[in-house]
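For reference, the structure discussed in these notes is given below.
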Amino acid sequence: MRGYGWVLSWVLFYATLSPAAAAASFWGAFTPHAHFEGEFVGNFAGGLARGGTGTAYFEGGFDWDSEVAGAYPGGKVVARYLAVDTGQPDQLYVGDAQGVSNLTTDYNISRLYKLYYRQSLGSFTARVGLLNANDYFDTVDTASYLLCPSYGIFPVWSSNLPGSSTYPFSSLGAMVAIGGDHHLLEAGVFGADAMHPYRRPLTHGALMLLQYTQAGTLGAGDYTVKLGAFRNRQTAALAAQLGPQTSGFFGATEYRFHALGLDWGAFLVGGGAPKSVNAVPWYAGGGLRLKHWFPGRPEDVLSAGFSRVSLRGLPHAETNYELTGIFAIGPGVTLQPDMQVIVHPGGKLPTALVGILRLDIDLVSLVKSQGVAL
């Protein structure tokens with residue numbers, strides 16, 4: 001009976017409110033989200049061919065918080081819609097395996113992206129619904145400013161399992177997290193066919209993920225260490241499209257510190273999926289992130305990194321070197337120039353030189369800056 005206490009509390013709370021007050025509390029718990037990004041990608045040398053193309057991205061939706069609504073603590077509903085018109089620079093010009101932009105996809109997308117419920121009870125959190133597994137597993141905060149997709153999800157997962165629950169697809173799934181700021185254990189099960197999340201989700205395979213995170217203070221800074229593993233269960237008939245039945249592991253370490261009046265961050269990442277069915281058996285990367293490097297501009301960021309993948313059956317590994325900067329040009333608006341050198345794109349092509357210019361607009365922040373209440 002105790003497990004249903006929050007339900008009874010919610011019913012009694014709304015029973016004592018006037019209809020107008022209840023409606024105000026309910027609608028006041030919504031937080032809108034709307035985000036646009038547009039970019040141009042140009043390949044200036046090497047790779048497949050010289051040339052450029054553009055990508056446009058929009059993601060919008062809302063969060064609803066049960067506690068803000070005055071109902072019960074720890075509950076949240078998350079809904080997002082995604083639309084992407086992709087220029088496919090990797091397929092047309094660069095010819096690399098890792099990708100040069102975390103916006104581009106193999107498909108033009110317009111679909112419901114996320115719709116899930118989250119409930120937190122003390123140190124325990126559960127999520128269920130239409131989820132993107134990469135929002136929680138295999139993430140590295142200090143690497144998130146770089147545009148090469150390998151820093152956002154390691155290729156030993158994404159390249160070997162193209163149908164799994166990662167951008168631009170989400171799948172039906174459930175996950176739990178136990179712990180707090182210093183120790184966190186997360187486990188999840190997601191449909192392996194995120195391209196078609198509602199098509200026989202119980203028989204089109206399953207992606208299982210486990211991750212442990214430890215964080216704390218070391219010397220003059222803060223560290224985070226993550227260790228994780230995945231297993232993809234799949235039938236032979238769907239392996240060619242969605243990825244084989246396989247498994248792998250990944251890890252990351254981050255260190256954030258202040259020196260010379262600047263905010264520094266460093267990271268090292270890596271992973272493996274050594275089974276012979278995997279096209280990418282090994283991955284390694286690392287880099288630096290610098291904030292507060294220019295007085296009076298706390299939102300500006302500089303970042304540099306390298307990302308290297310081994311490619312089974314090809315003569316060379318592929319290595320991406322990237323340098324990028326993010327510059328605030330207005331409330332909710334940033335401009336990001338980016339340069340990348342890709343050595344042996346696709347394991348066999350001549351070294352490519354790629355430039356990217358991205359415009360990022362948080363539409364909610366932009367509207368609020370004009371005095372509009374949302």
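Each chain of the structure tokens is named A, B, ... in the order shown, its residues numbered from 1; ligands are numbered from 1 in display order.
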Margin query: For range 188-190 of chain A, find every residue with an atom within 10 Å (counting only C-alpha atoms), except residues of its own chain fewer than 6 positions away, and show them as a PyMOL selection string.
Written below: chain A and resi 126-133+136-137+164-165+170-177+197+201-202+205-211+230-232
For the selection just defined, write its residues with N, CA and C atoms to a file, as a compact mmCIF listing (two decimals), in the first residue's frame.
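As a result, result.txt now contains:
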# COMPACT_ATOMS: atom_id res chain seq x y z
N ALA A 126 14.14 5.88 -12.39
CA ALA A 126 13.73 4.97 -13.46
C ALA A 126 13.16 5.80 -14.62
N ARG A 127 13.41 5.33 -15.83
CA ARG A 127 12.85 5.94 -17.03
C ARG A 127 12.27 4.85 -17.91
N VAL A 128 11.13 5.14 -18.56
CA VAL A 128 10.51 4.17 -19.45
C VAL A 128 9.78 4.91 -20.55
N GLY A 129 9.88 4.39 -21.77
CA GLY A 129 9.20 5.00 -22.90
C GLY A 129 10.07 5.01 -24.13
N LEU A 130 9.90 6.03 -24.97
CA LEU A 130 10.70 6.20 -26.17
C LEU A 130 11.95 6.98 -25.79
N LEU A 131 13.09 6.30 -25.72
CA LEU A 131 14.32 6.84 -25.15
C LEU A 131 15.47 6.81 -26.14
N ASN A 132 16.40 7.75 -25.99
CA ASN A 132 17.68 7.70 -26.68
C ASN A 132 18.72 7.23 -25.67
N ALA A 133 19.24 6.03 -25.85
CA ALA A 133 20.15 5.45 -24.87
C ALA A 133 21.41 6.29 -24.71
N TYR A 136 22.32 8.92 -21.89
CA TYR A 136 22.73 8.53 -20.54
C TYR A 136 23.97 7.64 -20.53
N PHE A 137 24.19 6.87 -21.58
CA PHE A 137 25.31 5.95 -21.64
C PHE A 137 26.35 6.45 -22.65
N SER A 164 20.78 1.09 -33.63
CA SER A 164 20.53 1.15 -32.19
C SER A 164 20.03 2.52 -31.76
N SER A 165 19.75 2.64 -30.48
CA SER A 165 19.09 3.81 -29.90
C SER A 165 20.07 4.95 -29.71
N SER A 170 15.46 6.90 -31.64
CA SER A 170 15.24 6.44 -30.27
C SER A 170 14.40 5.18 -30.32
N SER A 171 14.45 4.40 -29.26
CA SER A 171 13.70 3.15 -29.25
C SER A 171 12.95 3.01 -27.93
N LEU A 172 11.98 2.11 -27.93
CA LEU A 172 11.28 1.81 -26.69
C LEU A 172 12.25 1.12 -25.74
N GLY A 173 12.25 1.57 -24.49
CA GLY A 173 13.19 0.98 -23.55
C GLY A 173 12.89 1.37 -22.13
N ALA A 174 13.68 0.82 -21.24
CA ALA A 174 13.56 1.12 -19.81
C ALA A 174 14.96 1.09 -19.21
N MET A 175 15.21 1.98 -18.24
CA MET A 175 16.51 2.02 -17.59
C MET A 175 16.33 2.46 -16.15
N VAL A 176 17.31 2.10 -15.34
CA VAL A 176 17.32 2.49 -13.93
C VAL A 176 18.70 3.04 -13.60
N ALA A 177 18.74 3.93 -12.62
CA ALA A 177 19.99 4.50 -12.13
C ALA A 177 19.93 4.51 -10.61
N PRO A 197 10.88 1.82 -34.10
CA PRO A 197 10.77 1.44 -32.68
C PRO A 197 9.49 0.72 -32.31
N PRO A 201 8.78 -4.70 -31.32
CA PRO A 201 9.93 -4.36 -30.47
C PRO A 201 10.44 -5.51 -29.62
N LEU A 202 9.61 -6.52 -29.39
CA LEU A 202 10.03 -7.63 -28.55
C LEU A 202 10.77 -8.72 -29.33
N GLY A 205 15.20 -7.81 -31.57
CA GLY A 205 16.45 -7.68 -30.85
C GLY A 205 16.38 -6.73 -29.68
N ALA A 206 17.47 -6.69 -28.92
CA ALA A 206 17.54 -5.83 -27.74
C ALA A 206 18.99 -5.40 -27.51
N LEU A 207 19.14 -4.13 -27.13
CA LEU A 207 20.44 -3.60 -26.76
C LEU A 207 20.46 -3.43 -25.25
N MET A 208 21.43 -4.07 -24.60
CA MET A 208 21.56 -4.01 -23.15
C MET A 208 22.82 -3.24 -22.79
N LEU A 209 22.69 -2.30 -21.85
CA LEU A 209 23.80 -1.42 -21.47
C LEU A 209 23.96 -1.38 -19.96
N LEU A 210 25.22 -1.33 -19.54
CA LEU A 210 25.55 -1.21 -18.12
C LEU A 210 26.69 -0.21 -17.99
N GLN A 211 26.57 0.73 -17.04
CA GLN A 211 27.59 1.76 -16.88
C GLN A 211 27.75 2.15 -15.42
N PHE A 230 28.24 -3.06 -23.40
CA PHE A 230 26.98 -3.26 -24.10
C PHE A 230 26.93 -4.65 -24.71
N ARG A 231 25.71 -5.12 -24.89
CA ARG A 231 25.49 -6.38 -25.59
C ARG A 231 24.27 -6.22 -26.49
N ASN A 232 24.43 -6.56 -27.76
CA ASN A 232 23.33 -6.47 -28.71
C ASN A 232 22.86 -7.88 -29.07
Check: Got a sec to tell me which of range 40-285 of chain A DSSP assigns to alpha helix (DSSP H), as a ChimeraX atom specification?
Finding: /A:89,155-158,236-242
Next item on the list: Have a look at A:Ala69, A:Phe154, A:Leu323, A:Val367 and name the one nearest to Tyr283 in chain A; count only C-alpha atoms.
Entry: A:Phe154
Note to self: Quick check, in Å to one decimal: how far apart do CA of Val41 in chain A and CA of Asn108 in chain A lie?
What the structure shows: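 Taking CA of Val41 in chain A as the start and CA of Asn108 in chain A as the end point, the length is 16.6 Å.
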Item checked: Nearest residue to Leu363 in chain A from the set A:Ala34, A:Ala266, A:Val77, A:Ala83 (distances using only C-alpha atoms) -> A:Ala34
Checklist line | Selection: 10 Å around Ala352 in chain A, only C-alpha atoms, excl. self and same-chain fewer than 4 positions, as a PyMOL selection string | finding: chain A and resi 43-50+93-96+320+340-345
Check: Contacts of Tyr113 in chain A at 7 Å or less, counting only C-alpha atoms, minus same-chain residues fewer than 6 places along, as a list in words?
Finding: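 Result of the neighbour search: Arg80, Tyr81, Leu82, Phe169 and Ser170 of chain A.
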Would you mind listing what lies within 6 Å of Gly38 in chain A as a PDB file with C-alpha atoms, in the first residue's frame, with only C-alpha atoms counted and same-chain residues fewer than 5 positions away left out?
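This went into out_24.pdb:
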ATOM      1  CA  THR A  55      22.424  20.557 -42.689  1.00  0.00           C
ATOM      2  CA  ALA A  56      19.453  22.002 -40.799  1.00  0.00           C
ATOM      3  CA  ARG A 358      27.537  26.172 -37.328  1.00  0.00           C
ATOM      4  CA  LEU A 359      24.827  28.512 -36.043  1.00  0.00           C
TER       5      LEU A 359
END
Margin query: Could you pull out the strand (DSSP E) residues of range 178-310 of chain A, going by DSSP on the backbone, and write them as number ranges by chain?
Written below: A: 178-179, 183-191, 206-218, 221-233, 246-259, 262-272, 282-291, 301-309
Next item on the list: Quick one: everything within 8 Å of range 24-32 of chain A, counting only C-alpha atoms, minus sequence neighbours fewer than 5 positions away in the same chain. Send it as a ChimeraX atom specification.
Entry: /A:60-70,364,374
Notebook entry, point to check: When you draw a straight line from CA of Gly248 in chain A to CA of Ile153 in chain A, how long is it in Å?
Noted result: 13.1 Å
Margin query: Just the number, please: distance in Å from CA of Val156 in chain A to CA of Phe36 in chain A, one decimal.
Written below: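 These atoms are spaced 28.8 Å apart.
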